[in-house]
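Dumped work_24.cif below, it's mmCIF, C-alpha atoms:
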data_my_file
#
loop_
_atom_site.label_atom_id
_atom_site.label_comp_id
_atom_site.auth_asym_id
_atom_site.auth_seq_id
_atom_site.Cartn_x
_atom_site.Cartn_y
_atom_site.Cartn_z
CA MET A 1 33.68 -21.01 5.49
CA ARG A 2 32.43 -21.59 1.95
CA ASN A 3 35.97 -22.36 0.76
CA LEU A 4 36.30 -24.86 3.59
CA VAL A 5 33.05 -26.54 2.57
CA LYS A 6 34.18 -26.62 -1.06
CA SER A 7 37.58 -28.10 -0.24
CA THR A 8 36.06 -30.68 2.09
CA ALA A 9 33.45 -31.68 -0.50
CA ALA A 10 36.12 -31.92 -3.18
CA ALA A 11 38.23 -34.12 -0.92
CA VAL A 12 35.27 -36.43 -0.33
CA ALA A 13 34.63 -36.63 -4.06
CA LEU A 14 38.29 -37.34 -4.77
CA THR A 15 38.32 -40.02 -2.08
CA LEU A 16 35.33 -41.67 -3.72
CA GLY A 17 37.11 -41.45 -7.06
CA ALA A 18 40.24 -43.00 -5.63
CA THR A 19 38.45 -45.92 -4.01
CA ALA A 20 35.59 -46.62 -6.40
CA ALA A 21 37.79 -48.29 -8.98
CA SER A 22 39.04 -50.89 -6.51
CA ALA A 23 36.02 -51.21 -4.21
CA ASP A 24 32.96 -53.30 -4.91
CA ASP A 25 30.64 -50.82 -3.15
CA ILE A 26 29.98 -47.56 -5.00
CA ASN A 27 28.12 -44.97 -2.95
CA LEU A 28 26.57 -41.98 -4.70
CA ARG A 29 24.81 -38.93 -3.31
CA ILE A 30 21.94 -38.07 -5.65
CA GLY A 31 19.16 -35.55 -5.44
CA SER A 32 17.27 -32.51 -6.60
CA GLY A 33 15.68 -29.44 -5.13
CA HIS A 34 12.39 -30.69 -6.56
CA PRO A 35 10.19 -33.32 -4.89
CA PRO A 36 9.61 -36.77 -6.45
CA GLY A 37 6.11 -35.63 -7.43
CA VAL A 38 7.76 -33.67 -10.24
CA VAL A 39 8.04 -36.20 -13.08
CA TYR A 40 11.78 -36.00 -13.73
CA ALA A 41 12.63 -36.23 -10.01
CA GLY A 42 10.36 -39.24 -9.64
CA LEU A 43 12.04 -40.82 -12.67
CA MET A 44 15.45 -40.23 -11.11
CA ILE A 45 14.37 -42.53 -8.28
CA ASP A 46 12.13 -45.01 -10.08
CA TYR A 47 14.08 -45.33 -13.31
CA PHE A 48 17.61 -43.91 -13.21
CA GLN A 49 18.57 -45.18 -9.76
CA ALA A 50 16.71 -48.47 -10.10
CA GLU A 51 18.10 -49.25 -13.56
CA LEU A 52 21.65 -48.22 -12.70
CA LYS A 53 21.69 -50.43 -9.63
CA LYS A 54 20.06 -53.34 -11.45
CA ARG A 55 22.29 -53.28 -14.53
CA VAL A 56 25.54 -52.68 -12.63
CA GLU A 57 24.87 -55.48 -10.18
CA GLU A 58 23.76 -57.89 -12.92
CA ARG A 59 26.70 -57.20 -15.23
CA THR A 60 29.63 -56.38 -12.92
CA ASP A 61 31.03 -57.25 -9.49
CA HIS A 62 30.11 -53.81 -8.15
CA THR A 63 27.23 -52.90 -5.89
CA VAL A 64 25.55 -49.48 -5.94
CA ASN A 65 24.13 -47.56 -2.99
CA PHE A 66 22.42 -44.17 -3.11
CA VAL A 67 22.13 -41.46 -0.51
CA GLU A 68 19.03 -39.56 -1.62
CA GLY A 69 18.49 -35.84 -1.26
CA TYR A 70 15.24 -34.80 -2.91
CA SER A 71 12.79 -32.01 -2.08
CA GLY A 72 15.67 -29.68 -1.24
CA SER A 73 16.89 -31.84 1.65
CA ILE A 74 20.53 -31.44 0.55
CA VAL A 75 20.42 -28.55 -1.94
CA LYS A 76 17.63 -26.19 -2.92
CA VAL A 77 16.41 -25.83 -6.50
CA THR A 78 18.72 -22.83 -6.96
CA GLU A 79 21.78 -24.66 -5.59
CA VAL A 80 22.03 -27.89 -7.60
CA LEU A 81 24.62 -26.74 -10.16
CA GLU A 82 26.92 -25.47 -7.42
CA GLY A 83 26.17 -28.47 -5.21
CA VAL A 84 27.32 -30.90 -7.91
CA GLN A 85 30.28 -28.67 -8.76
CA ASP A 86 31.46 -28.71 -5.14
CA GLY A 87 30.79 -32.42 -4.64
CA ILE A 88 27.97 -31.96 -2.13
CA LEU A 89 25.99 -34.09 -4.57
CA ASP A 90 27.57 -36.65 -6.89
CA ILE A 91 24.54 -36.55 -9.23
CA GLY A 92 22.00 -33.75 -9.39
CA GLY A 93 18.85 -33.03 -11.33
CA MET A 94 18.18 -29.36 -12.00
CA CYS A 95 16.21 -26.83 -13.98
CA PHE A 96 18.42 -24.53 -16.01
CA CYS A 97 15.81 -21.88 -15.28
CA PHE A 98 17.50 -21.27 -11.94
CA GLU A 99 20.90 -20.56 -13.51
CA PRO A 100 20.33 -17.42 -15.65
CA SER A 101 23.89 -16.20 -15.06
CA ASN A 102 25.79 -19.49 -15.30
CA LEU A 103 23.72 -21.14 -18.06
CA PRO A 104 21.98 -18.26 -19.85
CA LEU A 105 21.57 -20.11 -23.15
CA HIS A 106 20.44 -23.52 -21.90
CA ALA A 107 16.80 -22.47 -21.55
CA PHE A 108 16.74 -21.84 -25.31
CA GLN A 109 13.37 -23.48 -25.94
CA VAL A 110 11.80 -21.13 -23.40
CA MET A 111 13.05 -18.25 -25.55
CA LEU A 112 10.70 -19.51 -28.30
CA PRO A 113 7.35 -20.00 -26.54
CA PHE A 114 4.29 -21.67 -28.06
CA GLY A 115 6.42 -24.44 -29.50
CA THR A 116 5.54 -28.14 -29.67
CA MET A 117 3.55 -29.54 -26.77
CA ASP A 118 4.94 -33.03 -27.43
CA PRO A 119 7.78 -33.80 -24.95
CA GLU A 120 9.28 -36.42 -27.27
CA THR A 121 9.50 -33.90 -30.10
CA SER A 122 10.85 -31.26 -27.71
CA LEU A 123 13.56 -33.67 -26.58
CA LYS A 124 14.41 -34.67 -30.14
CA VAL A 125 14.77 -31.01 -31.16
CA ALA A 126 17.02 -30.35 -28.15
CA GLN A 127 19.15 -33.41 -28.91
CA GLU A 128 19.67 -32.21 -32.48
CA VAL A 129 20.61 -28.72 -31.31
CA TYR A 130 23.06 -30.04 -28.71
CA ALA A 131 24.64 -32.24 -31.39
CA GLU A 132 25.34 -29.19 -33.55
CA VAL A 133 26.48 -26.87 -30.73
CA PRO A 134 29.11 -28.64 -28.56
CA TYR A 135 29.28 -25.65 -26.18
CA LEU A 136 25.94 -26.68 -24.66
CA SER A 137 27.43 -29.90 -23.30
CA ASP A 138 31.06 -28.88 -22.91
CA VAL A 139 30.39 -25.90 -20.64
CA PHE A 140 29.46 -28.19 -17.75
CA GLU A 141 32.93 -29.72 -17.69
CA ASP A 142 34.82 -26.61 -18.78
CA LYS A 143 33.33 -24.28 -16.14
CA PHE A 144 31.44 -26.28 -13.54
CA ASN A 145 33.43 -29.48 -12.85
CA GLN A 146 30.65 -31.82 -13.95
CA VAL A 147 29.49 -34.04 -16.77
CA LEU A 148 26.09 -33.61 -18.42
CA LEU A 149 24.56 -37.08 -18.27
CA SER A 150 21.04 -36.42 -19.55
CA ARG A 151 18.83 -33.73 -20.95
CA ILE A 152 15.36 -33.73 -19.40
CA ALA A 153 12.09 -32.89 -21.14
CA ASP A 154 9.06 -31.48 -19.35
CA GLY A 155 5.40 -31.99 -20.07
CA GLY A 156 3.69 -29.23 -22.01
CA TYR A 157 3.15 -25.98 -20.10
CA ASN A 158 -0.31 -24.47 -19.63
CA LEU A 159 -1.74 -22.01 -17.11
CA GLY A 160 -3.36 -22.98 -13.83
CA THR A 161 -5.20 -20.30 -11.88
CA SER A 162 -7.47 -19.64 -8.93
CA PHE A 163 -9.91 -17.80 -11.24
CA PRO A 164 -11.44 -18.38 -14.70
CA TRP A 165 -10.13 -16.50 -17.71
CA SER A 166 -10.55 -16.58 -21.47
CA ASP A 167 -8.58 -13.59 -22.76
CA LEU A 168 -5.32 -11.82 -21.97
CA SER A 169 -7.29 -8.89 -20.60
CA ASP A 170 -8.70 -11.18 -17.88
CA LEU A 171 -5.16 -11.67 -16.53
CA GLN A 172 -4.45 -7.99 -16.02
CA GLY A 173 -4.08 -7.16 -12.34
CA GLN A 174 -3.52 -10.81 -11.39
CA LYS A 175 -0.19 -12.15 -10.14
CA ILE A 176 1.05 -15.23 -12.00
CA ALA A 177 4.10 -17.29 -11.04
CA GLY A 178 6.80 -18.74 -13.22
CA ALA A 179 10.48 -19.62 -13.09
CA GLY A 180 13.33 -17.83 -14.77
CA LEU A 181 12.89 -16.89 -18.41
CA ASN A 182 9.26 -17.91 -18.68
CA LEU A 183 8.39 -14.94 -16.49
CA ASN A 184 8.91 -12.93 -19.68
CA TRP A 185 5.96 -14.71 -21.29
CA LEU A 186 3.89 -12.91 -18.65
CA LYS A 187 5.70 -9.60 -18.40
CA LEU A 188 5.79 -8.91 -22.14
CA ALA A 189 2.09 -9.75 -22.38
CA GLY A 190 1.28 -7.22 -19.64
CA VAL A 191 0.71 -9.75 -16.84
CA SER A 192 2.23 -9.29 -13.36
CA GLU A 193 4.91 -11.97 -12.92
CA VAL A 194 6.22 -13.56 -9.70
CA GLN A 195 9.37 -15.70 -9.48
CA SER A 196 8.75 -18.93 -7.56
CA SER A 197 9.50 -22.64 -7.50
CA LEU A 198 7.47 -25.82 -7.14
CA ALA A 199 8.92 -26.41 -3.68
CA THR A 200 6.78 -23.54 -2.34
CA ALA A 201 4.00 -23.45 -4.95
CA TYR A 202 1.16 -24.99 -2.94
CA THR A 203 1.59 -22.77 0.10
CA GLU A 204 2.06 -19.64 -1.96
CA MET A 205 -1.02 -20.34 -4.07
CA LYS A 206 -3.00 -21.13 -0.94
CA THR A 207 -1.99 -17.85 0.75
CA ASN A 208 -2.55 -15.74 -2.39
CA VAL A 209 1.07 -14.77 -2.90
CA TYR A 210 0.01 -15.23 -6.52
CA GLU A 211 -3.12 -16.42 -8.30
CA GLY A 212 -1.71 -18.72 -10.96
CA TRP A 213 1.23 -20.68 -12.30
CA ILE A 214 2.67 -21.43 -15.73
CA MET A 215 2.75 -25.16 -15.17
CA PHE A 216 2.54 -28.63 -16.74
CA PRO A 217 -0.37 -30.89 -15.68
CA SER A 218 1.76 -33.39 -13.75
CA ALA A 219 2.62 -30.81 -11.12
CA TRP A 220 -0.97 -29.55 -10.97
CA VAL A 221 -2.09 -33.10 -10.17
CA ASN A 222 0.80 -34.58 -8.18
CA LEU A 223 1.41 -31.54 -5.99
CA LYS A 224 -2.33 -30.94 -5.57
CA LEU A 225 -2.11 -27.44 -6.96
CA TYR A 226 -5.66 -27.98 -8.21
CA GLU A 227 -6.83 -27.31 -4.63
CA PRO A 228 -5.81 -23.62 -4.53
CA GLY A 229 -6.01 -23.42 -8.34
CA PRO A 230 -9.30 -24.98 -9.54
CA TYR A 231 -8.99 -23.65 -13.11
CA TYR A 232 -6.56 -25.15 -15.65
CA THR A 233 -6.43 -23.58 -19.10
CA LEU A 234 -4.89 -25.44 -22.04
CA ILE A 235 -3.06 -22.64 -23.81
CA GLY A 236 -0.05 -24.64 -25.01
CA PHE A 237 3.06 -22.64 -24.14
CA GLY A 238 5.11 -25.64 -25.23
CA SER A 239 7.08 -28.56 -23.84
CA MET A 240 10.55 -27.43 -22.78
CA THR A 241 13.71 -29.48 -22.52
CA TRP A 242 15.41 -27.25 -19.98
CA HIS A 243 16.36 -29.56 -17.13
CA GLY A 244 19.46 -31.68 -16.89
CA LEU A 245 21.07 -34.51 -14.93
CA THR A 246 24.76 -33.92 -14.17
CA MET A 247 27.54 -35.68 -12.30
CA ASN A 248 30.53 -34.30 -10.43
CA LYS A 249 33.58 -34.68 -12.71
CA ASP A 250 35.89 -35.89 -9.94
CA THR A 251 33.41 -38.59 -8.98
CA TYR A 252 32.92 -39.55 -12.62
CA ASP A 253 36.66 -39.78 -13.30
CA GLY A 254 37.14 -42.08 -10.31
CA LEU A 255 34.56 -44.63 -11.37
CA PRO A 256 35.54 -47.99 -12.89
CA ASP A 257 35.30 -48.13 -16.67
CA ASP A 258 32.68 -50.88 -16.66
CA PHE A 259 30.55 -48.78 -14.32
CA LYS A 260 30.93 -45.68 -16.51
CA GLU A 261 29.77 -47.61 -19.55
CA ILE A 262 26.56 -48.68 -17.82
CA LEU A 263 26.08 -45.24 -16.26
CA LEU A 264 26.10 -43.55 -19.67
CA GLU A 265 23.81 -46.21 -21.08
CA VAL A 266 21.26 -45.73 -18.29
CA ALA A 267 21.58 -41.94 -18.53
CA ALA A 268 20.72 -42.09 -22.25
CA ASP A 269 17.71 -44.31 -21.52
CA PHE A 270 16.62 -42.01 -18.68
CA GLU A 271 16.78 -39.07 -21.08
CA GLU A 272 14.39 -40.83 -23.45
CA GLN A 273 12.13 -41.74 -20.54
CA THR A 274 11.65 -38.08 -19.65
CA GLY A 275 10.20 -37.53 -23.11
CA SER A 276 8.08 -40.68 -23.42
CA VAL A 277 6.72 -40.69 -19.86
CA ASN A 278 5.74 -37.03 -19.99
CA ALA A 279 4.13 -37.60 -23.39
CA SER A 280 2.14 -40.65 -22.28
CA GLU A 281 1.10 -39.03 -19.02
CA TYR A 282 -0.07 -35.70 -20.43
CA ASP A 283 -3.53 -36.76 -21.66
CA ARG A 284 -4.14 -38.95 -18.62
CA LEU A 285 -3.31 -36.14 -16.23
CA VAL A 286 -5.44 -33.63 -18.11
CA ASP A 287 -8.31 -36.13 -17.84
CA VAL A 288 -7.67 -36.37 -14.08
CA LEU A 289 -7.93 -32.60 -13.89
CA ARG A 290 -11.12 -32.61 -15.98
CA ASP A 291 -12.66 -34.94 -13.39
CA THR A 292 -11.49 -32.73 -10.52
CA ILE A 293 -11.58 -29.06 -11.54
CA THR A 294 -12.53 -26.83 -14.47
CA VAL A 295 -10.37 -27.43 -17.56
CA THR A 296 -10.82 -25.25 -20.63
CA GLU A 297 -9.05 -25.02 -23.98
CA ILE A 298 -8.11 -21.52 -25.04
CA ASP A 299 -9.34 -20.02 -28.29
CA PRO A 300 -6.50 -20.40 -30.85
CA ALA A 301 -6.84 -16.68 -31.61
CA VAL A 302 -5.96 -15.86 -27.99
CA ARG A 303 -2.93 -18.16 -28.17
CA LYS A 304 -1.77 -16.50 -31.38
CA ALA A 305 -2.31 -13.03 -29.93
CA TRP A 306 -0.19 -13.95 -26.90
CA ALA A 307 2.54 -15.30 -29.18
CA GLU A 308 2.44 -12.11 -31.24
CA SER A 309 2.97 -10.05 -28.09
CA LEU A 310 6.29 -11.90 -27.65
CA ALA A 311 7.35 -11.80 -31.31
CA GLU A 312 10.28 -9.38 -30.82
CA TRP A 313 11.60 -11.04 -27.68
CA PRO A 314 13.69 -13.88 -29.22
CA GLN A 315 15.67 -11.44 -31.37
CA SER A 316 16.33 -9.21 -28.36
CA LEU A 317 17.56 -12.18 -26.32
CA ALA A 318 19.73 -13.46 -29.14
CA ALA A 319 21.40 -10.10 -29.66
CA ASP A 320 22.18 -9.78 -25.95
CA LEU A 321 23.59 -13.31 -25.63
CA ASP A 322 25.52 -13.05 -28.90
CA SER A 323 27.22 -9.94 -27.48
CA GLN A 324 28.39 -12.09 -24.55
CA GLY A 325 30.12 -14.47 -26.97
CA LEU A 326 27.42 -17.15 -26.83
CA PRO A 327 26.03 -18.83 -29.99
CA ALA A 328 22.47 -17.69 -29.28
CA SER A 329 21.35 -16.76 -32.80
CA GLN A 330 22.68 -20.07 -34.10
CA VAL A 331 20.88 -22.02 -31.36
CA LEU A 332 17.52 -20.26 -31.73
CA ASN A 333 17.50 -20.62 -35.49
CA LEU A 334 18.35 -24.29 -35.11
CA VAL A 335 15.39 -24.73 -32.75
CA LEU A 336 13.03 -23.01 -35.17
CA ASP A 337 14.27 -25.09 -38.10
CA ARG A 338 14.46 -28.42 -36.27
CA ALA A 339 10.96 -28.02 -34.84
CA GLU A 340 9.60 -27.49 -38.34
CA ALA A 341 11.67 -30.40 -39.68
CA ASN A 342 10.02 -32.54 -36.98
CA GLY A 343 6.56 -31.51 -38.16
CA TYR A 344 5.74 -28.53 -35.95
CA GLU A 345 4.09 -25.36 -37.26
CA TRP A 346 4.69 -22.23 -35.16
CA PRO A 347 1.63 -20.01 -34.50
CA VAL A 348 3.99 -17.07 -34.98
CA ARG A 349 7.22 -17.77 -36.88
CA TYR A 350 9.80 -15.88 -34.85
CA SER A 351 12.61 -14.19 -36.77
CA VAL A 352 16.16 -14.24 -35.39
CA GLN A 353 18.88 -12.58 -37.45
#
Go ahead and express the file in the form of structure tokens.
Amino acid sequence: MRNLVKSTAAAVALTLGATAASADDINLRIGSGHPPGVVYAGLMIDYFQAELKKRVEERTDHTVNFVEGYSGSIVKVTEVLEGVQDGILDIGGMCFCFEPSNLPLHAFQVMLPFGTMDPETSLKVAQEVYAEVPYLSDVFEDKFNQVLLSRIADGGYNLGTSFPWSDLSDLQGQKIAGAGLNLNWLKLAGVSEVQSSLATAYTEMKTNVYEGWIMFPSAWVNLKLYEPGPYYTLIGFGSMTWHGLTMNKDTYDGLPDDFKEILLEVAADFEEQTGSVNASEYDRLVDVLRDTITVTEIDPAVRKAWAESLAEWPQSLAADLDSQGLPASQVLNLVLDRAEANGYEWPVRYSVQ
């Protein structure tokens, strides 16, 4: 059955590719497992789709129509890479956190926690690393039948909880949620970790499946996580560029050249928007939380102690991924160096050999 679905989806994508070059109407299925309340998903609708339609229709004879599939209505958060690969979506926004087997290196900033909290700096560091390591972009086409259109930065991660805390010891015995690799920030610090996703976060917090989330302020506000989690602690785990916007390669190849040119232009602008919008929104959203719930800033000594508890982890990850033939040590050292070159000082300077 799955092979039938794949072949049917591929046929649809190929049909689009065959007709798009000669037709004025270009129809694209776009979506994400995340809801529009998550900043990047909202920007996909409000910026990427809007700008692509506007610029294409102003500068060419083509028209653009979107079939939207957000909030998991077409694919769940764990299915976006495969959904774009199979042509179920033409364009998908995803977190690499949900692809630990297929994209084990793409969450590289998460492997170096307590980095910059500035999304624009995070994005700039990621752009510089991608520029030096072609594998990070090429693997999408080489293995997954898609084109990486944009890297996506997140707002800085902190910790929202249903209880107050001020020290690592206060978190012992509590269950805290995360996604993918950032669960190790909890586990290695002695905190009970729970894998989850934003699609189910509110209900699971409300029903005490867990008592907290490693999360950026936009989600705490927009998804009303402040209701079951009335404590938000500014610990500064870092802003991570570990989402991406990709397009099915068959669909991409079938598009008219003038459309492709505008598509790549808008994708580059959308990428920058994910950094600048998250950066500009961070302080505003923290202020919203201050007016709504209890917001505290962690003692820098607690932040440093947490970072020290993770000090050996990057080397362990790098050694494992290097053994799989991936350029992990090169990537992690580039991140450390590029962050410093962009003005960031690590609380603990990780060492990766």
Compile a residue-level contact table for stretch 115-213 of chain A against stretch 334-347 of chain A at a cut-off of 12 Å, reporting for every qualifying residue the shortest atom pair and its distance in Å to one decimal, with only C-alpha atoms counted, rows ordered by chain and ascending number, as a Markdown table.
| residue | atom | partner | partner_atom | distance |
| --- | --- | --- | --- | --- |
| A:Gly115 | CA | A:Trp346 | CA | 6.3 |
| A:Thr116 | CA | A:Tyr344 | CA | 6.3 |
| A:Met117 | CA | A:Tyr344 | CA | 9.5 |
| A:Asp118 | CA | A:Tyr344 | CA | 9.7 |
| A:Pro119 | CA | A:Ala339 | CA | 11.9 |
| A:Glu120 | CA | A:Asn342 | CA | 10.5 |
| A:Thr121 | CA | A:Asn342 | CA | 7.0 |
| A:Ser122 | CA | A:Ala339 | CA | 7.8 |
| A:Leu123 | CA | A:Ala339 | CA | 10.3 |
| A:Lys124 | CA | A:Asn342 | CA | 8.4 |
| A:Val125 | CA | A:Arg338 | CA | 5.7 |
| A:Ala126 | CA | A:Val335 | CA | 7.4 |
| A:Gln127 | CA | A:Arg338 | CA | 10.1 |
| A:Glu128 | CA | A:Arg338 | CA | 7.5 |
| A:Val129 | CA | A:Leu334 | CA | 6.3 |
| A:Tyr130 | CA | A:Leu334 | CA | 9.8 |
| A:Ala131 | CA | A:Leu334 | CA | 10.8 |
| A:Glu132 | CA | A:Leu334 | CA | 8.7 |
| A:Val133 | CA | A:Leu334 | CA | 9.6 |
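Nearest to A:Gln49 of all the residues A:Lys249, A:Gly190, A:Ile262, A:Asn184 is A:Ile262, counting all atoms listed in the file.
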(request) Expand the PyMOL selection byres ((chain A and resi 220-228) around 6) into the individual residues it matches in the shown file, reporting them as a list in words. (result) Gly37, Tyr202, Met205, Lys206, Pro217, Ser218, Ala219, Gly229 and Pro230 of chain A
(request) Specify as a VMD selection string each residue included when the PyMOL selection byres ((chain A and resi 60) around 12) is applied to this file. (result) chain A and resid 23 to 26 52 to 59 61 to 64 256 to 262
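Proximity to A:Gly160 was assessed for A:Glu82, A:Glu272, A:Glu297, A:Asp138 counting all atoms listed in the file; the smallest distance is recorded for A:Glu297.
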(message) Just to confirm, what's the straight-line distance from atom CA of A:Gln174 to atom CA of A:Met215 in Å (one decimal)?
(response) 16.1 Å
(request) Step by step, work through what the PyMOL selection byres ((chain A and resi 48) around 12) selects in the shown file, and finish by giving those residues as a PyMOL selection string. (result) chain A and resi 30-31+40-47+49-56+66+91-93+149-150+245+262-274
(message) Could you tell me how far atom CA of A:Pro35 sits from atom CA of A:Ile88, in Å to one decimal place?
(response)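 Between atom CA of A:Ile88 and atom CA of A:Pro35 the gap works out to 18.0 Å.
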Would you please take stretch 93-113 of chain A of the structure in the block above and write N, CA and C atoms to a file as a short mmCIF file (atom, residue, chain, number, x, y, z; two decimals), in the first residue's frame?
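Done, and the output landed in part.cif:
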data_model
loop_
_atom_site.label_atom_id
_atom_site.label_comp_id
_atom_site.auth_asym_id
_atom_site.auth_seq_id
_atom_site.Cartn_x
_atom_site.Cartn_y
_atom_site.Cartn_z
N GLY A 93 7.56 22.51 5.67
CA GLY A 93 8.39 23.07 6.73
C GLY A 93 8.52 22.05 7.85
N MET A 94 9.74 21.83 8.31
CA MET A 94 9.96 20.76 9.29
C MET A 94 11.04 21.11 10.28
N CYS A 95 10.98 20.42 11.43
CA CYS A 95 12.08 20.47 12.38
C CYS A 95 12.95 19.23 12.16
N PHE A 96 14.25 19.47 12.01
CA PHE A 96 15.17 18.36 11.83
C PHE A 96 15.24 17.49 13.09
N CYS A 97 14.69 18.02 14.18
CA CYS A 97 14.69 17.26 15.43
C CYS A 97 13.93 15.95 15.30
N PHE A 98 12.99 15.88 14.35
CA PHE A 98 12.19 14.68 14.20
C PHE A 98 12.78 13.71 13.18
N GLU A 99 14.00 13.97 12.74
CA GLU A 99 14.66 13.08 11.78
C GLU A 99 16.04 12.66 12.28
N PRO A 100 16.13 12.06 13.47
CA PRO A 100 17.44 11.70 14.03
C PRO A 100 18.18 10.64 13.23
N SER A 101 17.46 9.82 12.47
CA SER A 101 18.11 8.79 11.65
C SER A 101 18.47 9.32 10.27
N ASN A 102 17.56 10.07 9.66
CA ASN A 102 17.78 10.56 8.30
C ASN A 102 18.69 11.78 8.25
N LEU A 103 18.57 12.66 9.26
CA LEU A 103 19.34 13.91 9.27
C LEU A 103 20.03 14.08 10.63
N PRO A 104 20.90 13.15 10.99
CA PRO A 104 21.46 13.16 12.35
C PRO A 104 22.38 14.34 12.65
N LEU A 105 22.91 15.00 11.63
CA LEU A 105 23.85 16.08 11.84
C LEU A 105 23.21 17.46 11.75
N HIS A 106 21.99 17.54 11.21
CA HIS A 106 21.40 18.84 10.91
C HIS A 106 20.93 19.60 12.14
N ALA A 107 20.86 18.94 13.28
CA ALA A 107 20.54 19.64 14.53
C ALA A 107 21.82 20.03 15.25
N PHE A 108 22.84 20.42 14.48
CA PHE A 108 24.18 20.60 15.06
C PHE A 108 24.24 21.69 16.13
N GLN A 109 23.42 22.74 16.02
CA GLN A 109 23.47 23.77 17.06
C GLN A 109 22.91 23.25 18.39
N VAL A 110 22.00 22.29 18.32
CA VAL A 110 21.46 21.70 19.53
C VAL A 110 22.53 20.89 20.27
N MET A 111 23.53 20.41 19.52
CA MET A 111 24.62 19.65 20.12
C MET A 111 25.57 20.54 20.92
N LEU A 112 25.38 21.86 20.82
CA LEU A 112 26.22 22.83 21.53
C LEU A 112 25.31 23.80 22.27
N PRO A 113 24.63 23.32 23.33
CA PRO A 113 23.65 24.16 24.02
C PRO A 113 24.29 25.33 24.75
#
